[in-house]
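Trainee: Below are the structure tokens for one structure; questions will follow.
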Amino acid sequence: MSRILITGASGFIGRATVAVLANAGHVIRAAVRRKSNAQFAAGVEIVQHPDLIQDFDWHPFLEGVEDIIHLAGVAHSGRGIEPPLYDRVNRRATAQLAEAAGRAGIKRFLFVSSVRAQSGPVADHALTEHDPPMPTDAYGRSKLAAEAAVVDAGVPFTILRPVQLYGLGMKGGFALLARAAQSPWPLPLKDFKNRRALLGIENFISALNFVLTTSAAAGETYLLADPGMPPPLSEVTAILRRAHNRRPLLLPMPPHYVEIPLRMVGRGDVWERFGGNLRVDITKLLRLGWQPAHDTTSGLTALAQAQRRAARA
């Protein structure tokens with residue numbers, strides 16, 4: 001077991017990662033911006049750093065550390081976030097940490113990037129690592145630039161490009177869909193047959209642990225998603241509803257009834273993230289030996305069941 005620095009430890013992904021890896025016996029140093037947001041199990045060391053828009057010395061945070069999992073950053077694309085902020089936090093702060101890691105002799109720098117470093121919100125085929133990166137917004141470009149900075153830092157690295165994650169505590173558009181699926185009201189999603197790759201938090205953490213302990217993963221970049229063909233959006237909703245012991249209650253409605261108004265008001269990006277297709281081929285990581293914990297159907301079912309238990313607690 002190793003001593004691991006995990007940045008972004010107080011976020012949805014970070015909290016789950018800290019909990020699982022600490023329980024597995026790793027010694028965890030959880031790096032956070034605000035200690036008031038940090039609640040971890042006994043034995044997890046908590047360190048506080050300045051806001052990532054600032055320059056500061058990472059060296060004290062790396063003393064005694066063998067591996068780094070870098071999760072911290074501006075975690076989504078959206079209006080109201082200026083491109084310089086993406087660049088400052090996602091690229092420059094990552095570059096500074098990677099350079100410090102190289103000087104400190106870190107064994108592995110695991111950078112959690114995003115599928116958006118490789119593609120826009122939609123793709124006309126299943127993406128692979130051989131496809132040339134073509135990000136379409138400031139968020140994706142900042143992630144791709146951060147990847148390049150990690151490669152240039154001279155530290156042993158592995159880069160993961162995950163798709164949309166789901167799990168207890170998630171936020172964003174998928175969290176809204178999951179809440180809607182819990183309601184008793186019919187949803188007009190029967191005709192939404194688009195497929196978007198998803199990634200359960202358990203599979204994400206399993207992949208993190210796998211690449212950290214697999215020497216052949218060093219120097220490589222991997223797309224990351226649940227295995228198999230992702231279910232269409234209509235079936236995603238039905239899976240969640242059945243797990244809540246509800247009938248699917250999906251009503252027909254042509255998807256363009258949603259698409260056209262959104263594009264007319266300049267929010268085609270919202271439509272693409274909701275109604276477009278985005279699939280990835282994870283063969284590269286599977287061939288290395290990674291064994292996912294579940295597929296999307298069982299992962300979504302487990303999520304809904306966990307939500308029910310949490311609601312009763």
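Simple scheme: letters A, B, ... for chains in structure tokens order, numbers from 1 for residues in each chain, numbers from 1 for ligands in the order shown.
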Pro248 in chain A: which residues within 9 Å, counting only C-alpha atoms, same-chain residues fewer than 4 positions away excluded, as a list in words?
Mentor: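 Using only C-alpha atoms, the neighbours found are Ala181, Pro186, Leu187, Glu235, Thr237, Ala238, Ile239, Leu240, Arg241 and Arg242 of chain A.
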Trainee: Kindly save the residues from that selection, with N, CA and C atoms included, as a PDB file, in the first residue's frame.
Mentor:
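result_25.pdb written:
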```
ATOM      1  N   ALA A 181     -36.585  10.970 -11.901  1.00  0.00           N
ATOM      2  CA  ALA A 181     -36.973   9.562 -11.970  1.00  0.00           C
ATOM      3  C   ALA A 181     -37.598   9.077 -10.667  1.00  0.00           C
ATOM      4  N   PRO A 186     -45.402  11.117 -14.840  1.00  0.00           N
ATOM      5  CA  PRO A 186     -44.902  10.650 -16.140  1.00  0.00           C
ATOM      6  C   PRO A 186     -43.850  11.609 -16.700  1.00  0.00           C
ATOM      7  N   LEU A 187     -42.907  11.055 -17.431  1.00  0.00           N
ATOM      8  CA  LEU A 187     -41.852  11.848 -18.050  1.00  0.00           C
ATOM      9  C   LEU A 187     -41.885  11.626 -19.564  1.00  0.00           C
ATOM     10  N   GLU A 235     -34.196   4.315 -21.534  1.00  0.00           N
ATOM     11  CA  GLU A 235     -33.984   3.134 -20.701  1.00  0.00           C
ATOM     12  C   GLU A 235     -33.269   3.487 -19.404  1.00  0.00           C
ATOM     13  N   THR A 237     -33.767   6.153 -17.709  1.00  0.00           N
ATOM     14  CA  THR A 237     -34.844   6.610 -16.843  1.00  0.00           C
ATOM     15  C   THR A 237     -35.679   5.452 -16.331  1.00  0.00           C
ATOM     16  N   ALA A 238     -35.972   4.505 -17.194  1.00  0.00           N
ATOM     17  CA  ALA A 238     -36.756   3.342 -16.798  1.00  0.00           C
ATOM     18  C   ALA A 238     -36.017   2.500 -15.755  1.00  0.00           C
ATOM     19  N   ILE A 239     -34.717   2.333 -15.920  1.00  0.00           N
ATOM     20  CA  ILE A 239     -33.923   1.571 -14.954  1.00  0.00           C
ATOM     21  C   ILE A 239     -34.015   2.216 -13.570  1.00  0.00           C
ATOM     22  N   LEU A 240     -33.839   3.529 -13.529  1.00  0.00           N
ATOM     23  CA  LEU A 240     -33.900   4.235 -12.250  1.00  0.00           C
ATOM     24  C   LEU A 240     -35.289   4.090 -11.619  1.00  0.00           C
ATOM     25  N   ARG A 241     -36.328   4.223 -12.433  1.00  0.00           N
ATOM     26  CA  ARG A 241     -37.687   4.134 -11.883  1.00  0.00           C
ATOM     27  C   ARG A 241     -37.996   2.725 -11.373  1.00  0.00           C
ATOM     28  N   ARG A 242     -37.590   1.726 -12.112  1.00  0.00           N
ATOM     29  CA  ARG A 242     -37.843   0.365 -11.638  1.00  0.00           C
ATOM     30  C   ARG A 242     -37.116   0.093 -10.322  1.00  0.00           C
TER      31      ARG A 242
END
```
Trainee: Identify all residues of range 109-279 of chain A in strand (DSSP E) (DSSP on the backbone) and supply them as an mmCIF file with N, CA and C atoms, in the first residue's frame.
Mentor:
```cif
data_model
loop_
_atom_site.group_PDB
_atom_site.id
_atom_site.type_symbol
_atom_site.label_atom_id
_atom_site.label_comp_id
_atom_site.auth_asym_id
_atom_site.auth_seq_id
_atom_site.Cartn_x
_atom_site.Cartn_y
_atom_site.Cartn_z
ATOM 1 N N PHE A 109 1.943 10.062 -11.028
ATOM 2 C CA PHE A 109 1.034 11.206 -11.029
ATOM 3 C C PHE A 109 -0.173 10.790 -11.857
ATOM 4 N N LEU A 110 -1.297 10.581 -11.182
ATOM 5 C CA LEU A 110 -2.502 10.156 -11.873
ATOM 6 C C LEU A 110 -3.389 11.380 -12.056
ATOM 7 N N PHE A 111 -3.494 11.824 -13.282
ATOM 8 C CA PHE A 111 -4.282 13.016 -13.586
ATOM 9 C C PHE A 111 -5.643 12.613 -14.127
ATOM 10 N N VAL A 112 -6.686 13.052 -13.424
ATOM 11 C CA VAL A 112 -8.044 12.794 -13.868
ATOM 12 C C VAL A 112 -8.480 13.953 -14.748
ATOM 13 N N PHE A 157 3.488 9.308 -15.166
ATOM 14 C CA PHE A 157 2.086 9.726 -15.134
ATOM 15 C C PHE A 157 1.185 8.667 -15.747
ATOM 16 N N THR A 158 -0.095 8.763 -15.401
ATOM 17 C CA THR A 158 -1.180 8.111 -16.120
ATOM 18 C C THR A 158 -2.311 9.122 -16.189
ATOM 19 N N ILE A 159 -2.966 9.211 -17.343
ATOM 20 C CA ILE A 159 -4.064 10.157 -17.541
ATOM 21 C C ILE A 159 -5.343 9.374 -17.807
ATOM 22 N N LEU A 160 -6.404 9.726 -17.093
ATOM 23 C CA LEU A 160 -7.719 9.137 -17.321
ATOM 24 C C LEU A 160 -8.665 10.199 -17.870
ATOM 25 N N ARG A 161 -9.469 9.802 -18.856
ATOM 26 C CA ARG A 161 -10.478 10.693 -19.430
ATOM 27 C C ARG A 161 -11.867 10.095 -19.173
ATOM 28 N N PRO A 162 -12.422 10.340 -17.992
ATOM 29 C CA PRO A 162 -13.725 9.751 -17.688
ATOM 30 C C PRO A 162 -14.871 10.496 -18.354
ATOM 31 N N GLN A 164 -19.282 11.148 -17.947
ATOM 32 C CA GLN A 164 -20.153 11.583 -16.861
ATOM 33 C C GLN A 164 -20.211 10.543 -15.743
ATOM 34 N N LEU A 165 -19.875 10.973 -14.515
ATOM 35 C CA LEU A 165 -19.921 10.070 -13.376
ATOM 36 C C LEU A 165 -21.272 10.142 -12.677
ATOM 37 N N TYR A 166 -21.646 9.034 -12.047
ATOM 38 C CA TYR A 166 -22.856 9.020 -11.225
ATOM 39 C C TYR A 166 -22.572 8.274 -9.928
ATOM 40 N N LEU A 198 -21.822 6.464 -19.478
ATOM 41 C CA LEU A 198 -21.823 6.856 -18.078
ATOM 42 C C LEU A 198 -20.764 6.057 -17.330
ATOM 43 N N LEU A 199 -20.434 6.537 -16.130
ATOM 44 C CA LEU A 199 -19.398 5.884 -15.329
ATOM 45 C C LEU A 199 -19.804 5.908 -13.865
ATOM 46 N N GLY A 200 -20.025 4.732 -13.303
ATOM 47 C CA GLY A 200 -20.332 4.644 -11.880
ATOM 48 C C GLY A 200 -19.106 4.951 -11.035
ATOM 49 N N GLU A 220 0.572 6.359 -20.072
ATOM 50 C CA GLU A 220 -0.550 6.102 -20.970
ATOM 51 C C GLU A 220 -1.758 6.977 -20.628
ATOM 52 N N THR A 221 -2.635 7.119 -21.601
ATOM 53 C CA THR A 221 -3.893 7.842 -21.457
ATOM 54 C C THR A 221 -5.033 6.883 -21.769
ATOM 55 N N TYR A 222 -6.076 6.902 -20.924
ATOM 56 C CA TYR A 222 -7.183 5.966 -21.087
ATOM 57 C C TYR A 222 -8.522 6.686 -21.004
ATOM 58 N N LEU A 223 -9.400 6.372 -21.936
ATOM 59 C CA LEU A 223 -10.801 6.723 -21.789
ATOM 60 C C LEU A 223 -11.426 5.806 -20.751
ATOM 61 N N LEU A 224 -12.419 6.328 -20.036
ATOM 62 C CA LEU A 224 -12.970 5.555 -18.931
ATOM 63 C C LEU A 224 -14.488 5.703 -18.885
#
```
Trainee: Work out how far CA of Leu5 in chain A is from CA of Val65 in chain A, in Å to one decimal.
Mentor: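 Result for CA of Val65 in chain A versus CA of Leu5 in chain A: 6.4 Å, one decimal.
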Trainee: Name all residues at most 7 Å from Asn277 in chain A (count only C-alpha atoms; drop same-chain ones fewer than 2 positions away) and give them as a list in words.
Mentor: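 Once the nearby chain positions are removed, what remains is Val122, Ala123, Asn194, Arg195, Arg196, Gly275 and Arg279 of chain A.
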Trainee: Please produce an output containing C-alpha atoms for each residue in the selection, written as a PDB file, in the first residue's frame.
Mentor:
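Here's the written file again20.pdb:
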```
ATOM      1  CA  VAL A 122     -21.429  14.665 -28.958  1.00  0.00           C
ATOM      2  CA  ALA A 123     -19.607  12.242 -31.235  1.00  0.00           C
ATOM      3  CA  ASN A 194     -29.706   8.646 -27.741  1.00  0.00           C
ATOM      4  CA  ARG A 195     -26.902   6.831 -25.942  1.00  0.00           C
ATOM      5  CA  ARG A 196     -24.473   8.595 -23.630  1.00  0.00           C
ATOM      6  CA  GLY A 275     -30.026  14.624 -26.229  1.00  0.00           C
ATOM      7  CA  ARG A 279     -20.007   6.713 -26.641  1.00  0.00           C
TER       8      ARG A 279
END
```
Trainee: Within 8 Å of Pro292 in chain A, counting only C-alpha atoms, which residues qualify if same-chain residues fewer than 4 places away don't, as a list in words?
Mentor: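 Residues near the query, excluding close chain neighbours: Asn203, Ser206, Ala207, Asp226 and Pro227 of chain A.
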Trainee: Could you write out, as a PyMOL selection string, all the residues of range 97-309 of chain A that DSSP marks as helix (DSSP H, G or I)?
Mentor: chain A and resi 97-104+115-117+138-152+173-182+201-212+215-217+233-243+256-264+268-275+283-288+296-309
Trainee: With only C-alpha atoms as the basis for distance, which of A:Ala16, A:Phe56, A:Leu300, A:Gly140 is at the shortest distance from Leu177 in chain A?
Mentor: A:Leu300
Trainee: Just the number, please: distance in Å from CA of Leu189 in chain A to CA of Val270 in chain A, one decimal.
Mentor: 16.0 Å
Trainee: Check the smallest atom-to-atom distance from each of A:Leu233, A:Leu127, A:Val151, A:Leu97 to Lys193 in chain A using only C-alpha atoms, then report the winner.
Mentor: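 Looking at the shortest contact to Lys193 in chain A, the residue is A:Leu233.
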Trainee: A:Asn90, A:Thr7, A:Met1, A:His256: which is nearest Asn23 in chain A, counting only C-alpha atoms?
Mentor: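 Nearest to Asn23 in chain A: A:Met1.
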Trainee: Can you work out which one of A:Leu249, A:Leu212, A:Ala311, A:Ala42 has the shortest atom-to-atom distance to Trp185 in chain A, counting only C-alpha atoms?
Mentor: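 Looking only at the distances to Trp185 in chain A, the closest residue turns out to be A:Leu249.
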Trainee: Skipping near chain neighbours, those fewer than 5 positions away, what residues fall within 10 Å of Glu66 in chain A using only C-alpha atoms, listed as a list in words?
Mentor: Met1, Ser2, Arg3, Ile4, Leu5, Val27, Ala101, Ala104, Gly105, Ile106, Lys107, Arg108 and Phe109 of chain A
Trainee: Can I get the selection written as an mmCIF file, in the first residue's frame, with C-alpha atoms?
Mentor:
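Final file, part_21.cif:
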```cif
data_model
loop_
_atom_site.group_PDB
_atom_site.id
_atom_site.type_symbol
_atom_site.label_atom_id
_atom_site.label_comp_id
_atom_site.auth_asym_id
_atom_site.auth_seq_id
_atom_site.Cartn_x
_atom_site.Cartn_y
_atom_site.Cartn_z
ATOM 1 C CA MET A 1 0.000 0.000 0.000
ATOM 2 C CA SER A 2 1.193 3.510 -0.723
ATOM 3 C CA ARG A 3 0.939 7.007 0.681
ATOM 4 C CA ILE A 4 -1.241 9.028 -1.688
ATOM 5 C CA LEU A 5 -1.960 12.739 -1.988
ATOM 6 C CA VAL A 27 -2.308 6.124 3.690
ATOM 7 C CA ALA A 101 5.883 16.106 -8.278
ATOM 8 C CA ALA A 104 9.950 15.356 -5.461
ATOM 9 C CA GLY A 105 10.422 11.995 -7.165
ATOM 10 C CA ILE A 106 6.767 10.977 -7.060
ATOM 11 C CA LYS A 107 6.273 7.413 -8.333
ATOM 12 C CA ARG A 108 3.003 8.073 -10.204
ATOM 13 C CA PHE A 109 1.034 11.206 -11.029
#
```
Trainee: Near Gly102 in chain A, within 7 Å and counting only C-alpha atoms, which residues show up once chain neighbours fewer than 3 positions away are dropped, as a PDB file with N, CA and C atoms, in the first residue's frame?
Mentor:
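result-v3.pdb, written as the output of this step:
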```
ATOM      1  N   ALA A  98       2.404  19.116 -11.147  1.00  0.00           N
ATOM      2  CA  ALA A  98       3.155  18.074 -11.835  1.00  0.00           C
ATOM      3  C   ALA A  98       4.657  18.358 -11.813  1.00  0.00           C
ATOM      4  N   GLU A  99       5.014  19.621 -11.988  1.00  0.00           N
ATOM      5  CA  GLU A  99       6.434  19.980 -11.929  1.00  0.00           C
ATOM      6  C   GLU A  99       7.009  19.731 -10.536  1.00  0.00           C
ATOM      7  N   GLY A 105      10.220  13.410  -6.903  1.00  0.00           N
ATOM      8  CA  GLY A 105      10.422  11.995  -7.165  1.00  0.00           C
ATOM      9  C   GLY A 105       9.191  11.143  -6.937  1.00  0.00           C
ATOM     10  N   ILE A 106       8.017  11.720  -7.210  1.00  0.00           N
ATOM     11  CA  ILE A 106       6.767  10.977  -7.060  1.00  0.00           C
ATOM     12  C   ILE A 106       6.765   9.776  -8.012  1.00  0.00           C
ATOM     13  N   ALA A 153       6.114  17.507 -17.714  1.00  0.00           N
ATOM     14  CA  ALA A 153       6.708  17.747 -16.395  1.00  0.00           C
ATOM     15  C   ALA A 153       7.793  16.739 -16.040  1.00  0.00           C
ATOM     16  N   GLY A 154       7.854  15.634 -16.761  1.00  0.00           N
ATOM     17  CA  GLY A 154       8.893  14.650 -16.481  1.00  0.00           C
ATOM     18  C   GLY A 154       8.587  13.728 -15.316  1.00  0.00           C
ATOM     19  N   VAL A 155       7.358  13.713 -14.844  1.00  0.00           N
ATOM     20  CA  VAL A 155       6.962  12.832 -13.752  1.00  0.00           C
ATOM     21  C   VAL A 155       6.283  11.598 -14.345  1.00  0.00           C
TER      22      VAL A 155
END
```
Trainee: For a test of reading the model, state the distance in Å between CA of Ala30 in chain A and CA of Arg15 in chain A, rounded to one decimal.
Mentor: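 About the pair CA of Ala30 in chain A and CA of Arg15 in chain A: they are 9.1 Å apart.
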